[in-house]
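Reproduced below: input-v1.csv, with CSV, C-alpha atoms.
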chain,number,residue,atom,x,y,z
I,1,MET,CA,80.3,117.6,244.6
I,2,SER,CA,81.1,115.1,241.8
I,3,ALA,CA,81.3,115.7,238.0
I,4,ARG,CA,77.8,114.4,237.4
I,5,PRO,CA,75.2,117.0,236.5
I,6,PHE,CA,73.9,118.9,239.5
I,7,LYS,CA,70.3,118.0,240.4
I,8,VAL,CA,68.1,120.9,241.1
I,9,LEU,CA,64.5,121.0,242.4
I,10,PHE,CA,62.3,124.1,242.0
I,11,LEU,CA,59.4,124.3,244.4
I,12,CYS,CA,56.2,126.2,244.4
I,13,THR,CA,52.8,125.5,246.0
I,14,GLY,CA,50.8,124.5,242.9
I,15,ASN,CA,53.6,123.4,240.5
I,16,SER,CA,51.7,124.9,237.6
I,17,ALA,CA,53.6,128.0,236.5
I,18,ARG,CA,56.8,129.4,238.1
I,19,SER,CA,58.4,126.1,239.1
I,20,ILE,CA,57.6,124.5,235.7
I,21,MET,CA,59.1,127.5,233.9
I,22,ALA,CA,62.2,127.3,236.1
I,23,GLU,CA,62.6,123.5,235.4
I,24,ALA,CA,62.3,124.2,231.6
I,25,ILE,CA,64.8,127.1,231.6
I,26,LEU,CA,67.5,125.3,233.6
I,27,ASN,CA,67.2,122.1,231.6
I,28,LYS,CA,67.7,124.1,228.4
I,29,LEU,CA,70.3,126.6,229.6
I,30,GLY,CA,72.2,124.2,231.8
I,31,ALA,CA,72.0,121.1,229.6
I,32,GLY,CA,74.8,118.7,230.6
I,33,LYS,CA,75.7,120.6,233.7
I,34,PHE,CA,72.3,120.5,235.4
I,35,ARG,CA,69.2,118.3,235.6
I,36,ALA,CA,66.2,120.3,236.8
I,37,TYR,CA,62.9,119.1,238.3
I,38,SER,CA,59.9,120.9,239.7
I,39,ALA,CA,57.2,120.0,242.2
I,40,GLY,CA,54.6,121.5,244.5
I,41,SER,CA,53.5,121.1,248.1
I,42,GLN,CA,49.9,121.2,246.9
I,43,PRO,CA,50.1,120.5,243.2
I,44,LYS,CA,47.2,121.8,241.0
I,45,GLY,CA,47.2,118.5,239.0
I,46,ARG,CA,47.7,120.3,235.7
I,47,VAL,CA,50.2,122.8,234.3
I,48,ASN,CA,48.7,126.3,233.9
I,49,PRO,CA,47.7,126.7,230.2
I,50,HIS,CA,49.4,130.1,230.0
I,51,THR,CA,52.7,128.4,231.1
I,52,ILE,CA,52.4,125.8,228.4
I,53,GLN,CA,51.5,128.5,225.8
I,54,LEU,CA,54.5,130.7,226.8
I,55,LEU,CA,57.0,127.9,226.9
I,56,HIS,CA,55.7,126.3,223.6
I,57,GLY,CA,55.9,129.8,221.9
I,58,LEU,CA,59.6,130.0,223.1
I,59,GLY,CA,60.5,126.7,221.5
I,60,TYR,CA,60.3,124.4,224.5
I,61,ASP,CA,59.0,120.9,224.2
I,62,THR,CA,56.2,121.0,226.7
I,63,SER,CA,55.0,117.4,226.3
I,64,GLY,CA,56.7,116.1,229.4
I,65,PHE,CA,55.6,118.8,231.9
I,66,ARG,CA,53.2,117.8,234.7
I,67,SER,CA,52.1,119.1,238.0
I,68,LYS,CA,53.5,116.8,240.7
I,69,SER,CA,53.9,116.6,244.5
I,70,TRP,CA,57.2,117.3,246.2
I,71,SER,CA,56.7,113.9,248.0
I,72,GLU,CA,57.9,112.3,244.8
I,73,PHE,CA,61.3,113.7,245.5
I,74,ALA,CA,61.5,112.7,249.2
I,75,LYS,CA,60.8,109.0,248.6
I,76,PRO,CA,63.5,106.3,248.6
I,77,GLY,CA,65.0,106.0,245.2
I,78,ALA,CA,64.4,109.7,244.4
I,79,PRO,CA,67.3,111.6,242.8
I,80,ALA,CA,69.8,112.9,245.3
I,81,LEU,CA,69.4,116.6,245.1
I,82,ASP,CA,72.2,119.2,245.1
I,83,PHE,CA,70.0,122.3,245.2
I,84,VAL,CA,66.4,123.1,246.1
I,85,PHE,CA,65.0,126.5,245.3
I,86,THR,CA,61.6,127.8,246.3
I,87,VAL,CA,60.1,130.3,243.8
I,88,CYS,CA,57.0,131.3,245.7
I,89,ASP,CA,56.7,132.7,249.2
I,90,ASN,CA,54.0,130.2,250.3
I,91,ALA,CA,56.3,127.2,249.6
I,92,ALA,CA,59.2,129.0,251.3
I,93,GLY,CA,57.1,129.2,254.5
I,94,GLU,CA,56.1,125.5,254.5
I,95,ILE,CA,57.9,122.7,256.3
I,96,CYS,CA,59.6,120.8,253.5
I,97,PRO,CA,60.3,117.1,253.4
I,98,VAL,CA,63.8,115.8,254.1
I,99,TRP,CA,65.4,115.7,250.7
I,100,PRO,CA,67.8,113.0,249.6
I,101,GLY,CA,71.4,114.3,249.2
I,102,GLN,CA,71.1,117.1,251.8
I,103,PRO,CA,70.8,119.9,249.1
I,104,MET,CA,71.7,123.5,249.5
I,105,THR,CA,68.6,125.7,249.5
I,106,ALA,CA,67.6,129.2,248.7
I,107,HIS,CA,64.4,131.2,248.2
I,108,TRP,CA,64.0,132.9,244.8
I,109,GLY,CA,60.5,134.3,245.2
I,110,ILE,CA,58.8,136.1,242.3
I,111,PRO,CA,55.2,137.2,241.8
I,112,ASP,CA,52.7,134.5,240.8
I,113,PRO,CA,51.6,135.0,237.2
I,114,ALA,CA,48.7,132.6,237.8
I,115,GLU,CA,47.2,135.3,240.1
I,116,ALA,CA,47.3,137.9,237.3
I,117,LYS,CA,44.0,139.6,236.5
I,118,GLY,CA,43.0,141.7,233.6
I,119,SER,CA,42.9,141.4,229.8
I,120,PRO,CA,44.5,138.5,228.1
I,121,ALA,CA,47.5,140.8,227.2
I,122,GLU,CA,47.9,141.7,230.8
I,123,VAL,CA,47.9,138.1,231.9
I,124,ALA,CA,50.3,137.1,229.2
I,125,LEU,CA,52.6,139.9,230.3
I,126,ALA,CA,52.6,138.6,233.9
I,127,PHE,CA,53.7,135.2,232.6
I,128,LYS,CA,56.4,136.8,230.4
I,129,ASP,CA,57.7,138.8,233.4
I,130,ALA,CA,57.9,135.7,235.6
I,131,TYR,CA,59.8,133.9,232.8
I,132,ARG,CA,62.2,136.9,232.4
I,133,MET,CA,62.9,137.1,236.2
I,134,LEU,CA,63.4,133.3,236.4
I,135,SER,CA,65.7,133.4,233.3
I,136,GLN,CA,67.8,136.1,234.8
I,137,ARG,CA,68.3,134.2,238.1
I,138,ILE,CA,68.9,130.9,236.5
I,139,ALA,CA,71.5,132.4,234.1
I,140,VAL,CA,73.4,133.8,237.0
I,141,PHE,CA,73.1,130.5,238.9
I,142,ALA,CA,74.2,128.4,235.8
I,143,ALA,CA,77.3,130.7,235.4
I,144,LEU,CA,78.5,130.2,239.0
I,145,PRO,CA,81.8,128.3,239.4
I,146,ILE,CA,79.9,125.9,241.7
I,147,ARG,CA,82.6,123.3,241.9
I,148,SER,CA,85.2,125.8,243.0
I,149,LEU,CA,83.2,127.7,245.6
I,150,ASP,CA,83.2,126.7,249.2
I,151,GLN,CA,79.8,126.0,250.7
I,152,LEU,CA,79.5,129.3,252.6
I,153,SER,CA,80.4,131.4,249.5
I,154,LEU,CA,78.0,129.4,247.4
I,155,GLN,CA,75.2,129.7,249.9
I,156,LYS,CA,75.7,133.5,250.0
I,157,ARG,CA,75.6,133.7,246.2
I,158,LEU,CA,72.4,131.6,246.1
I,159,ALA,CA,70.8,134.1,248.5
I,160,GLU,CA,72.0,137.0,246.5
I,161,ILE,CA,70.3,135.6,243.4
I,162,GLY,CA,67.1,135.4,245.4
I,163,ARG,CA,67.3,139.2,246.0
I,164,MET,CA,67.6,140.1,242.4
I,165,GLN,CA,65.1,142.6,240.8
I,166,GLY,CA,61.5,141.6,241.2
I,167,ALA,CA,62.0,139.5,244.3
I,168,THR,CA,58.9,139.1,246.4
I,169,GLY,CA,58.6,140.3,250.0
I,170,LYS,CA,60.2,137.5,252.0
I,171,VAL,CA,63.6,138.0,250.4
I,172,ALA,CA,63.6,141.7,249.4
I,173,GLN,CA,65.8,142.5,252.4
I,174,PRO,CA,69.3,141.0,252.9
I,175,SER,CA,69.3,138.3,255.6
In structure tokens, how does this file's structure come out?
Amino acid sequence: MSARPFKVLFLCTGNSARSIMAEAILNKLGAGKFRAYSAGSQPKGRVNPHTIQLLHGLGYDTSGFRSKSWSEFAKPGAPALDFVFTVCDNAAGEICPVWPGQPMTAHWGIPDPAEAKGSPAEVALAFKDAYRMLSQRIAVFAALPIRSLDQLSLQKRLAEIGRMQGATGKVAQPS
């Protein structure tokens, strides 16, 4: 892998909450080392308002976020990806397009905050929890000595990140 920033795509089905948060977190935390994107297999067409509210409240510029299809990243001329991470179990179970760059992949499933029910405070807490879990995983990922790890070691570390606290069912058990 070259000295250019690593290109990372976060996938979810709707691309309205978790994948958008992950894109925001990595672009802020890994500025210069990473360039993050997000997409969905069946994009909702708009970012969840709770996602925008949370990110905006945490100081992120939310003006550029949009819900988009993963097909944008499989077209000719799309960025050559180094990593693709699914953050929801549904997207992890789908047949993905062929990505330019032959990226390493891993599943980092966490509960969907967009499915939260209850009071406004309970819904807000679900979004904060999703943000916290993604932040923890992304911080560990961003701290990896990626350029000095062999592919097998790196793939193992990526899978371990997916099993961190709060992982959803498909990755809770070591593979």
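Using all atoms listed in the file, the nearest neighbour of I:Val47 within the list I:Phe34, I:Phe127, I:Phe65, I:Tyr60 is I:Phe65.
Using only C-alpha atoms, the protein and nucleic acid residues lying at most 12 Å from the point (57.4, 128.9, 225.4) are Ala17, Ile20, Met21, Ala22, Ala24, Ile25, Lys28, Pro49, His50, Thr51, Ile52, Gln53, Leu54, Leu55, His56, Gly57, Leu58, Gly59, Tyr60, Asp61, Thr62, Ser63, Ala124, Phe127, Lys128, Tyr131 and Arg132 of chain I.
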Discussion item. At a cut-off of 9 Å, using all atoms listed in the file, what residues contact I:Leu81? Leave out same-chain residues fewer than 3 positions from it and give the result as JSON, numbers by chain.
Written reply: {"I": [6, 7, 8, 9, 73, 78, 84, 99, 100, 101, 102, 103, 104]}
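Distance annotation: of I:Met164, I:Ala114, I:Ser38, I:Cys88, the residue with the minimal separation from I:Ser135 is I:Met164; atom set is only C-alpha atoms.
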Discussion item. Set the distance at 7 Å and use only C-alpha atoms: which residues neighbour I:His107 once local chain neighbours fewer than 6 positions away are removed? I'd like the list as a PyMOL selection string.
Written reply: chain I and resi 85-87+92+162
Item to complete: Please provide the set of residues having any atom within 9 Å of I:Pro97, restricted to only C-alpha atoms, with same-chain residues fewer than 3 positions apart removed, written as a list in words.
Response: Trp70, Ser71, Phe73 and Ala74 of chain I
Worksheet item: Leaving out I:Ala142 and any residue of its chain fewer than 5 positions from it, which residues lie within 8 Å of it when counting all atoms listed in the file, given as a PyMOL selection string?
Response: chain I and resi 26+29-30
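For the pair atom CA of I:Pro145 and atom CA of I:Thr168, the separation is 26.3 Å.
Put simply, atom CA of I:Ala121 is 18.2 Å away from atom CA of I:Met133.
For the choices I:Gly77, I:Gly118, I:Pro5, I:Gly14, the atom-to-atom distance to I:Ala36 is smallest for I:Pro5 when using only C-alpha atoms.
Note that the spacing between atom CA of I:Ala80 and atom CA of I:Gln136 amounts to 25.5 Å.
If you measure from each of I:Ser119, I:Asn27, I:Asn15, I:Thr105 to I:Ala159 using only C-alpha atoms, the closest one turns out to be I:Thr105.
Checking I:Val98, I:Leu158, I:Gly64, I:Arg163 one by one against I:Ile146, counting all atoms listed in the file, you find the shortest gap at I:Leu158.
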